[in-house]
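S.K.: Below is start_9.txt; it holds compact mmCIF, N, CA, C and O atoms.
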# COMPACT_ATOMS: atom_id res chain seq x y z
N MET A 22 -34.95 -83.28 -47.15
CA MET A 22 -35.82 -82.19 -47.57
C MET A 22 -37.26 -82.41 -47.09
O MET A 22 -37.88 -81.49 -46.56
N LEU A 23 -37.77 -83.62 -47.29
CA LEU A 23 -39.13 -83.93 -46.86
C LEU A 23 -39.27 -83.81 -45.34
O LEU A 23 -40.30 -83.34 -44.84
N ASP A 24 -38.22 -84.19 -44.62
CA ASP A 24 -38.25 -84.05 -43.16
C ASP A 24 -38.38 -82.59 -42.76
O ASP A 24 -39.18 -82.25 -41.87
N ASN A 25 -37.64 -81.71 -43.41
CA ASN A 25 -37.69 -80.29 -43.07
C ASN A 25 -39.05 -79.68 -43.41
O ASN A 25 -39.59 -78.89 -42.62
N VAL A 26 -39.61 -80.02 -44.56
CA VAL A 26 -40.93 -79.51 -44.94
C VAL A 26 -41.97 -80.00 -43.93
O VAL A 26 -42.83 -79.23 -43.49
N SER A 27 -41.87 -81.27 -43.55
CA SER A 27 -42.81 -81.82 -42.58
C SER A 27 -42.71 -81.09 -41.24
O SER A 27 -43.72 -80.76 -40.63
N LEU A 28 -41.48 -80.85 -40.81
CA LEU A 28 -41.32 -80.15 -39.53
C LEU A 28 -41.88 -78.73 -39.58
O LEU A 28 -42.50 -78.28 -38.62
N VAL A 29 -41.68 -78.05 -40.68
CA VAL A 29 -42.24 -76.69 -40.82
C VAL A 29 -43.76 -76.74 -40.75
O VAL A 29 -44.39 -75.94 -40.05
N LEU A 30 -44.37 -77.70 -41.45
CA LEU A 30 -45.82 -77.81 -41.43
C LEU A 30 -46.34 -78.19 -40.04
O LEU A 30 -47.37 -77.69 -39.59
N VAL A 31 -45.63 -79.06 -39.35
CA VAL A 31 -46.02 -79.42 -37.99
C VAL A 31 -45.93 -78.21 -37.07
O VAL A 31 -46.80 -77.99 -36.23
N ILE A 32 -44.90 -77.41 -37.23
CA ILE A 32 -44.75 -76.19 -36.42
C ILE A 32 -45.88 -75.22 -36.72
O ILE A 32 -46.47 -74.63 -35.81
N VAL A 33 -46.23 -75.05 -37.99
CA VAL A 33 -47.35 -74.18 -38.37
C VAL A 33 -48.63 -74.68 -37.70
O VAL A 33 -49.40 -73.90 -37.14
N GLY A 34 -48.85 -75.97 -37.77
CA GLY A 34 -50.04 -76.55 -37.14
C GLY A 34 -50.05 -76.35 -35.64
O GLY A 34 -51.08 -76.02 -35.04
N ALA A 35 -48.89 -76.54 -35.01
CA ALA A 35 -48.81 -76.37 -33.56
C ALA A 35 -49.09 -74.92 -33.16
O ALA A 35 -49.79 -74.66 -32.18
N LEU A 36 -48.52 -73.99 -33.91
CA LEU A 36 -48.77 -72.57 -33.60
C LEU A 36 -50.24 -72.22 -33.81
O LEU A 36 -50.82 -71.45 -33.04
N ASN A 37 -50.85 -72.78 -34.85
CA ASN A 37 -52.27 -72.54 -35.08
C ASN A 37 -53.10 -73.08 -33.91
O ASN A 37 -54.00 -72.40 -33.42
N TRP A 38 -52.77 -74.29 -33.44
CA TRP A 38 -53.50 -74.85 -32.30
C TRP A 38 -53.26 -74.04 -31.03
O TRP A 38 -54.17 -73.92 -30.19
N LEU A 39 -52.07 -73.51 -30.87
CA LEU A 39 -51.79 -72.65 -29.72
C LEU A 39 -52.73 -71.44 -29.73
O LEU A 39 -53.32 -71.09 -28.70
N LEU A 40 -52.87 -70.82 -30.89
CA LEU A 40 -53.75 -69.65 -30.99
C LEU A 40 -55.22 -70.03 -30.79
O LEU A 40 -55.98 -69.28 -30.18
N VAL A 41 -55.61 -71.21 -31.29
CA VAL A 41 -56.98 -71.67 -31.07
C VAL A 41 -57.22 -71.90 -29.58
O VAL A 41 -58.24 -71.49 -29.03
N GLY A 42 -56.26 -72.52 -28.92
CA GLY A 42 -56.41 -72.82 -27.50
C GLY A 42 -56.42 -71.58 -26.63
O GLY A 42 -57.21 -71.49 -25.68
N LEU A 43 -55.57 -70.62 -26.93
CA LEU A 43 -55.47 -69.43 -26.09
C LEU A 43 -56.51 -68.36 -26.43
O LEU A 43 -57.05 -67.71 -25.52
N PHE A 44 -56.77 -68.17 -27.71
CA PHE A 44 -57.58 -67.04 -28.13
C PHE A 44 -58.80 -67.41 -28.98
O PHE A 44 -59.49 -66.53 -29.48
N GLN A 45 -59.02 -68.70 -29.20
CA GLN A 45 -60.09 -69.17 -30.09
C GLN A 45 -59.98 -68.50 -31.46
O GLN A 45 -60.97 -68.09 -32.05
N PHE A 46 -58.75 -68.40 -31.94
CA PHE A 46 -58.48 -67.76 -33.24
C PHE A 46 -57.75 -68.75 -34.13
O PHE A 46 -56.63 -69.14 -33.84
N ASP A 47 -58.40 -69.15 -35.22
CA ASP A 47 -57.83 -70.11 -36.17
C ASP A 47 -57.23 -69.32 -37.34
O ASP A 47 -57.95 -68.80 -38.19
N VAL A 48 -55.91 -69.21 -37.36
CA VAL A 48 -55.22 -68.42 -38.38
C VAL A 48 -55.47 -68.98 -39.78
O VAL A 48 -55.70 -68.22 -40.72
N VAL A 49 -55.41 -70.30 -39.92
CA VAL A 49 -55.61 -70.91 -41.24
C VAL A 49 -56.99 -70.56 -41.78
O VAL A 49 -57.14 -70.14 -42.93
N ALA A 50 -58.01 -70.72 -40.94
CA ALA A 50 -59.37 -70.38 -41.37
C ALA A 50 -59.50 -68.90 -41.68
O ALA A 50 -60.15 -68.51 -42.65
N TRP A 51 -58.86 -68.07 -40.88
CA TRP A 51 -58.92 -66.62 -41.10
C TRP A 51 -58.28 -66.23 -42.43
O TRP A 51 -58.83 -65.43 -43.17
N ILE A 52 -57.13 -66.82 -42.73
CA ILE A 52 -56.42 -66.48 -43.96
C ILE A 52 -57.16 -66.98 -45.20
O ILE A 52 -57.25 -66.28 -46.20
N PHE A 53 -57.69 -68.21 -45.11
CA PHE A 53 -58.22 -68.85 -46.30
C PHE A 53 -59.74 -68.89 -46.38
O PHE A 53 -60.30 -69.59 -47.20
N GLY A 54 -60.43 -68.15 -45.52
CA GLY A 54 -61.87 -67.99 -45.70
C GLY A 54 -62.74 -68.97 -44.96
O GLY A 54 -63.83 -69.30 -45.43
N GLY A 55 -62.32 -69.44 -43.82
CA GLY A 55 -63.15 -70.33 -43.01
C GLY A 55 -62.64 -71.76 -43.02
O GLY A 55 -61.90 -72.17 -43.90
N GLN A 56 -63.08 -72.51 -42.01
CA GLN A 56 -62.62 -73.89 -41.86
C GLN A 56 -63.13 -74.80 -42.97
O GLN A 56 -62.49 -75.78 -43.30
N ALA A 57 -64.26 -74.48 -43.54
CA ALA A 57 -64.84 -75.34 -44.57
C ALA A 57 -64.33 -75.01 -45.97
O ALA A 57 -64.61 -75.75 -46.92
N ALA A 58 -63.58 -73.93 -46.12
CA ALA A 58 -63.05 -73.56 -47.44
C ALA A 58 -62.09 -74.64 -47.92
O ALA A 58 -61.34 -75.23 -47.13
N LEU A 59 -62.10 -74.89 -49.20
CA LEU A 59 -61.29 -75.96 -49.78
C LEU A 59 -59.81 -75.78 -49.45
O LEU A 59 -59.14 -76.74 -49.04
N ILE A 60 -59.29 -74.59 -49.60
CA ILE A 60 -57.86 -74.37 -49.36
C ILE A 60 -57.51 -74.59 -47.89
O ILE A 60 -56.45 -75.14 -47.56
N SER A 61 -58.42 -74.20 -46.97
CA SER A 61 -58.19 -74.47 -45.55
C SER A 61 -58.13 -75.96 -45.29
O SER A 61 -57.26 -76.45 -44.57
N ARG A 62 -59.04 -76.70 -45.89
CA ARG A 62 -59.06 -78.15 -45.71
C ARG A 62 -57.80 -78.79 -46.27
O ARG A 62 -57.28 -79.76 -45.70
N ILE A 63 -57.29 -78.24 -47.37
CA ILE A 63 -56.03 -78.75 -47.93
C ILE A 63 -54.88 -78.50 -46.97
O ILE A 63 -54.05 -79.37 -46.72
N VAL A 64 -54.83 -77.29 -46.40
CA VAL A 64 -53.77 -76.96 -45.45
C VAL A 64 -53.87 -77.87 -44.23
O VAL A 64 -52.86 -78.42 -43.77
N TYR A 65 -55.08 -78.06 -43.68
CA TYR A 65 -55.25 -78.94 -42.53
C TYR A 65 -54.79 -80.36 -42.87
O TYR A 65 -54.14 -81.02 -42.05
N THR A 66 -55.12 -80.82 -44.06
CA THR A 66 -54.72 -82.17 -44.49
C THR A 66 -53.21 -82.28 -44.61
O THR A 66 -52.61 -83.26 -44.15
N LEU A 67 -52.57 -81.27 -45.21
CA LEU A 67 -51.11 -81.29 -45.33
C LEU A 67 -50.43 -81.28 -43.97
O LEU A 67 -49.43 -81.99 -43.75
N VAL A 68 -50.96 -80.51 -43.04
CA VAL A 68 -50.40 -80.47 -41.69
C VAL A 68 -50.57 -81.84 -41.02
O VAL A 68 -49.64 -82.34 -40.38
N GLY A 69 -51.71 -82.47 -41.22
CA GLY A 69 -51.94 -83.80 -40.66
C GLY A 69 -51.00 -84.85 -41.23
O GLY A 69 -50.44 -85.66 -40.50
N VAL A 70 -50.82 -84.82 -42.54
CA VAL A 70 -49.90 -85.76 -43.19
C VAL A 70 -48.47 -85.50 -42.71
O VAL A 70 -47.71 -86.44 -42.45
N ALA A 71 -48.11 -84.23 -42.55
CA ALA A 71 -46.78 -83.89 -42.04
C ALA A 71 -46.61 -84.42 -40.62
O ALA A 71 -45.52 -84.89 -40.26
N GLY A 72 -47.66 -84.36 -39.83
CA GLY A 72 -47.60 -84.91 -38.47
C GLY A 72 -47.36 -86.41 -38.49
O GLY A 72 -46.58 -86.94 -37.69
N LEU A 73 -48.04 -87.10 -39.40
CA LEU A 73 -47.81 -88.54 -39.53
C LEU A 73 -46.37 -88.83 -39.96
O LEU A 73 -45.74 -89.75 -39.44
N TRP A 74 -45.87 -88.04 -40.89
CA TRP A 74 -44.48 -88.21 -41.32
C TRP A 74 -43.51 -87.95 -40.17
O TRP A 74 -42.50 -88.64 -40.02
N ALA A 75 -43.82 -86.96 -39.34
CA ALA A 75 -42.95 -86.60 -38.23
C ALA A 75 -42.83 -87.74 -37.22
O ALA A 75 -41.81 -87.83 -36.52
N ILE A 76 -43.83 -88.60 -37.15
CA ILE A 76 -43.72 -89.76 -36.27
C ILE A 76 -42.51 -90.60 -36.66
O ILE A 76 -41.79 -91.10 -35.81
N SER A 77 -42.27 -90.71 -37.96
CA SER A 77 -41.13 -91.52 -38.42
C SER A 77 -39.80 -90.91 -37.98
O SER A 77 -38.82 -91.63 -37.82
N LEU A 78 -39.77 -89.61 -37.74
CA LEU A 78 -38.53 -88.97 -37.30
C LEU A 78 -38.13 -89.43 -35.90
O LEU A 78 -36.94 -89.39 -35.56
N LEU A 79 -39.10 -89.87 -35.12
CA LEU A 79 -38.77 -90.37 -33.79
C LEU A 79 -37.95 -91.65 -33.84
O LEU A 79 -37.20 -91.95 -32.92
N PHE A 80 -38.08 -92.40 -34.92
CA PHE A 80 -37.45 -93.70 -35.01
C PHE A 80 -36.24 -93.72 -35.93
O PHE A 80 -35.64 -94.77 -36.12
N LYS A 81 -35.89 -92.58 -36.50
CA LYS A 81 -34.71 -92.51 -37.38
C LYS A 81 -33.44 -92.60 -36.54
O LYS A 81 -33.35 -91.97 -35.49
N ARG A 82 -32.50 -93.33 -37.05
CA ARG A 82 -31.20 -93.40 -36.38
C ARG A 82 -30.36 -92.23 -36.83
O ARG A 82 -30.30 -91.93 -38.02
N LYS A 83 -29.71 -91.60 -35.89
CA LYS A 83 -28.81 -90.50 -36.21
C LYS A 83 -27.43 -91.05 -36.50
O LYS A 83 -26.92 -91.87 -35.74
N VAL A 84 -26.86 -90.59 -37.60
CA VAL A 84 -25.52 -91.03 -37.96
C VAL A 84 -24.54 -90.02 -37.40
O VAL A 84 -24.63 -88.82 -37.69
N SER A 85 -23.60 -90.48 -36.59
CA SER A 85 -22.64 -89.57 -35.97
C SER A 85 -21.39 -89.45 -36.81
O SER A 85 -20.92 -90.32 -37.43
Just give me the structure as structure tokens.
M.R.:
Amino acid sequence: MLDNVSLVLVIVGALNWLLVGLFQFDVVAWIFGGQAALISRIVYTLVGVAGLWAISLLFKRKVS
């Protein structure tokens, strides 16, 4: 479950960065009232923690 939540958050973060890179449009900041807004900072932090967790997925052994 935690792996799936982390992957969803990483995907959200990646899509947000895609929009920032292509259009200079930060969806998280737009939705939650700017980059400095508390809720935006929480979302950014959760995405970052999810990214750290996703690193562990690279080293998990798959059971066949």
S.K.: Could you tell me which of A:Trp74, A:Arg62, A:Val31, A:Val26 comes closest to Ala50 (chain A) if we count all atoms listed in the file?
M.R.: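 That would be A:Arg62, the residue with the smallest distance to Ala50 (chain A).
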S.K.: Hey, which of A:Leu28, A:Leu39, A:Ala58, A:Val84 ends up closest to Val70 (chain A)? Count only C-alpha atoms.
M.R.: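 For Val70 (chain A), the nearest of the given residues is A:Leu28.
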S.K.: Would you please work out which residue, of A:Leu59, A:Asp24, A:Gln45, A:Val29, is nearest to Ile76 (chain A) when using only C-alpha atoms?
M.R.: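 Nearest candidate to Ile76 (chain A) out of A:Leu59, A:Asp24, A:Gln45, A:Val29: A:Asp24.
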S.K.: What is the distance between CA of Ser27 (chain A) and CA of Val68 (chain A), in Å to one decimal?
M.R.: 7.8 Å
S.K.: Which residue is closest to Tyr65 (chain A)? Choose from A:Leu78, A:Met22, A:Leu30, A:Ile52 and count only C-alpha atoms.
M.R.: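 For Tyr65 (chain A), the nearest of the given residues is A:Leu30.
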S.K.: Among the residues of region 35-75 of chain A, find those DSSP assigns to helix (DSSP H, G or I) from the backbone and print them as a count of residues only.
M.R.: 33
S.K.: Just how far from atom N of Leu73 (chain A) is CA of Leu23 (chain A), in Å to one decimal?
M.R.: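 Those two atoms sit 12.0 Å apart.
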S.K.: Rank nothing, just name the residue among A:Leu40, A:Asp47, A:Gly55, A:Gly34 nearest to Gly69 (chain A), using only N, CA, C and O atoms.
M.R.: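 For Gly69 (chain A), the nearest of the candidates is A:Gly34.
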S.K.: What does the structure give for the distance between CA of Ile63 (chain A) and atom O of Leu43 (chain A), in Å to one decimal?
M.R.: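 For CA of Ile63 (chain A) relative to atom O of Leu43 (chain A), the distance reads 25.0 Å.
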S.K.: Reconstruct all heavy atoms of region 34-45 of chain A from the incomplete input and present them as an mmCIF file, in the coordinates of the input.
M.R.:
data_model
loop_
_atom_site.group_PDB
_atom_site.id
_atom_site.type_symbol
_atom_site.label_atom_id
_atom_site.label_comp_id
_atom_site.auth_asym_id
_atom_site.auth_seq_id
_atom_site.Cartn_x
_atom_site.Cartn_y
_atom_site.Cartn_z
ATOM 1 N N GLY A 34 -48.850 -75.970 -37.770
ATOM 2 C CA GLY A 34 -50.040 -76.550 -37.140
ATOM 3 C C GLY A 34 -50.050 -76.350 -35.640
ATOM 4 O O GLY A 34 -51.080 -76.020 -35.040
ATOM 5 N N ALA A 35 -48.890 -76.540 -35.010
ATOM 6 C CA ALA A 35 -48.810 -76.370 -33.560
ATOM 7 C C ALA A 35 -49.090 -74.920 -33.160
ATOM 8 O O ALA A 35 -49.790 -74.660 -32.180
ATOM 9 C CB ALA A 35 -47.437 -76.808 -33.070
ATOM 10 N N LEU A 36 -48.520 -73.990 -33.910
ATOM 11 C CA LEU A 36 -48.770 -72.570 -33.600
ATOM 12 C C LEU A 36 -50.240 -72.220 -33.810
ATOM 13 O O LEU A 36 -50.820 -71.450 -33.040
ATOM 14 C CB LEU A 36 -47.866 -71.685 -34.451
ATOM 15 C CG LEU A 36 -46.378 -71.777 -34.116
ATOM 16 C CD1 LEU A 36 -45.564 -70.955 -35.122
ATOM 17 C CD2 LEU A 36 -46.108 -71.331 -32.696
ATOM 18 N N ASN A 37 -50.850 -72.780 -34.850
ATOM 19 C CA ASN A 37 -52.270 -72.540 -35.080
ATOM 20 C C ASN A 37 -53.100 -73.080 -33.910
ATOM 21 O O ASN A 37 -54.000 -72.400 -33.420
ATOM 22 C CB ASN A 37 -52.710 -73.187 -36.395
ATOM 23 C CG ASN A 37 -54.088 -72.752 -36.800
ATOM 24 O OD1 ASN A 37 -54.380 -71.563 -36.885
ATOM 25 N ND2 ASN A 37 -54.960 -73.711 -37.049
ATOM 26 N N TRP A 38 -52.770 -74.290 -33.440
ATOM 27 C CA TRP A 38 -53.500 -74.850 -32.300
ATOM 28 C C TRP A 38 -53.260 -74.040 -31.030
ATOM 29 O O TRP A 38 -54.170 -73.920 -30.190
ATOM 30 C CB TRP A 38 -53.130 -76.310 -32.084
ATOM 31 C CG TRP A 38 -53.930 -77.220 -32.955
ATOM 32 C CD1 TRP A 38 -53.478 -77.966 -33.999
ATOM 33 C CD2 TRP A 38 -55.340 -77.440 -32.872
ATOM 34 N NE1 TRP A 38 -54.528 -78.637 -34.567
ATOM 35 C CE2 TRP A 38 -55.685 -78.335 -33.902
ATOM 36 C CE3 TRP A 38 -56.337 -76.974 -32.044
ATOM 37 C CZ2 TRP A 38 -56.981 -78.771 -34.111
ATOM 38 C CZ3 TRP A 38 -57.638 -77.402 -32.254
ATOM 39 C CH2 TRP A 38 -57.953 -78.298 -33.275
ATOM 40 N N LEU A 39 -52.070 -73.510 -30.870
ATOM 41 C CA LEU A 39 -51.790 -72.650 -29.720
ATOM 42 C C LEU A 39 -52.730 -71.440 -29.730
ATOM 43 O O LEU A 39 -53.320 -71.090 -28.700
ATOM 44 C CB LEU A 39 -50.333 -72.181 -29.746
ATOM 45 C CG LEU A 39 -49.928 -71.181 -28.666
ATOM 46 C CD1 LEU A 39 -49.978 -71.831 -27.288
ATOM 47 C CD2 LEU A 39 -48.556 -70.628 -28.967
ATOM 48 N N LEU A 40 -52.870 -70.820 -30.890
ATOM 49 C CA LEU A 40 -53.750 -69.650 -30.990
ATOM 50 C C LEU A 40 -55.220 -70.030 -30.790
ATOM 51 O O LEU A 40 -55.980 -69.280 -30.180
ATOM 52 C CB LEU A 40 -53.557 -68.964 -32.342
ATOM 53 C CG LEU A 40 -52.208 -68.261 -32.497
ATOM 54 C CD1 LEU A 40 -52.053 -67.740 -33.926
ATOM 55 C CD2 LEU A 40 -52.065 -67.132 -31.501
ATOM 56 N N VAL A 41 -55.610 -71.210 -31.290
ATOM 57 C CA VAL A 41 -56.980 -71.670 -31.070
ATOM 58 C C VAL A 41 -57.220 -71.900 -29.580
ATOM 59 O O VAL A 41 -58.240 -71.490 -29.030
ATOM 60 C CB VAL A 41 -57.273 -72.966 -31.874
ATOM 61 C CG1 VAL A 41 -58.593 -73.592 -31.449
ATOM 62 C CG2 VAL A 41 -57.292 -72.680 -33.370
ATOM 63 N N GLY A 42 -56.260 -72.520 -28.920
ATOM 64 C CA GLY A 42 -56.410 -72.820 -27.500
ATOM 65 C C GLY A 42 -56.420 -71.580 -26.630
ATOM 66 O O GLY A 42 -57.210 -71.490 -25.680
ATOM 67 N N LEU A 43 -55.570 -70.620 -26.930
ATOM 68 C CA LEU A 43 -55.470 -69.430 -26.090
ATOM 69 C C LEU A 43 -56.510 -68.360 -26.430
ATOM 70 O O LEU A 43 -57.050 -67.710 -25.520
ATOM 71 C CB LEU A 43 -54.072 -68.808 -26.208
ATOM 72 C CG LEU A 43 -52.918 -69.623 -25.636
ATOM 73 C CD1 LEU A 43 -51.600 -68.901 -25.898
ATOM 74 C CD2 LEU A 43 -53.117 -69.871 -24.149
ATOM 75 N N PHE A 44 -56.770 -68.170 -27.710
ATOM 76 C CA PHE A 44 -57.580 -67.040 -28.130
ATOM 77 C C PHE A 44 -58.800 -67.410 -28.980
ATOM 78 O O PHE A 44 -59.490 -66.530 -29.480
ATOM 79 C CB PHE A 44 -56.718 -66.041 -28.918
ATOM 80 C CG PHE A 44 -55.493 -65.595 -28.174
ATOM 81 C CD1 PHE A 44 -54.234 -65.980 -28.600
ATOM 82 C CD2 PHE A 44 -55.604 -64.808 -27.045
ATOM 83 C CE1 PHE A 44 -53.095 -65.573 -27.917
ATOM 84 C CE2 PHE A 44 -54.471 -64.398 -26.345
ATOM 85 C CZ PHE A 44 -53.212 -64.786 -26.785
ATOM 86 N N GLN A 45 -59.020 -68.700 -29.200
ATOM 87 C CA GLN A 45 -60.090 -69.170 -30.090
ATOM 88 C C GLN A 45 -59.980 -68.500 -31.460
ATOM 89 O O GLN A 45 -60.970 -68.090 -32.050
ATOM 90 C CB GLN A 45 -61.463 -68.917 -29.462
ATOM 91 C CG GLN A 45 -61.683 -69.697 -28.197
ATOM 92 C CD GLN A 45 -63.054 -69.450 -27.600
ATOM 93 O OE1 GLN A 45 -63.792 -68.566 -28.026
ATOM 94 N NE2 GLN A 45 -63.389 -70.228 -26.600
#
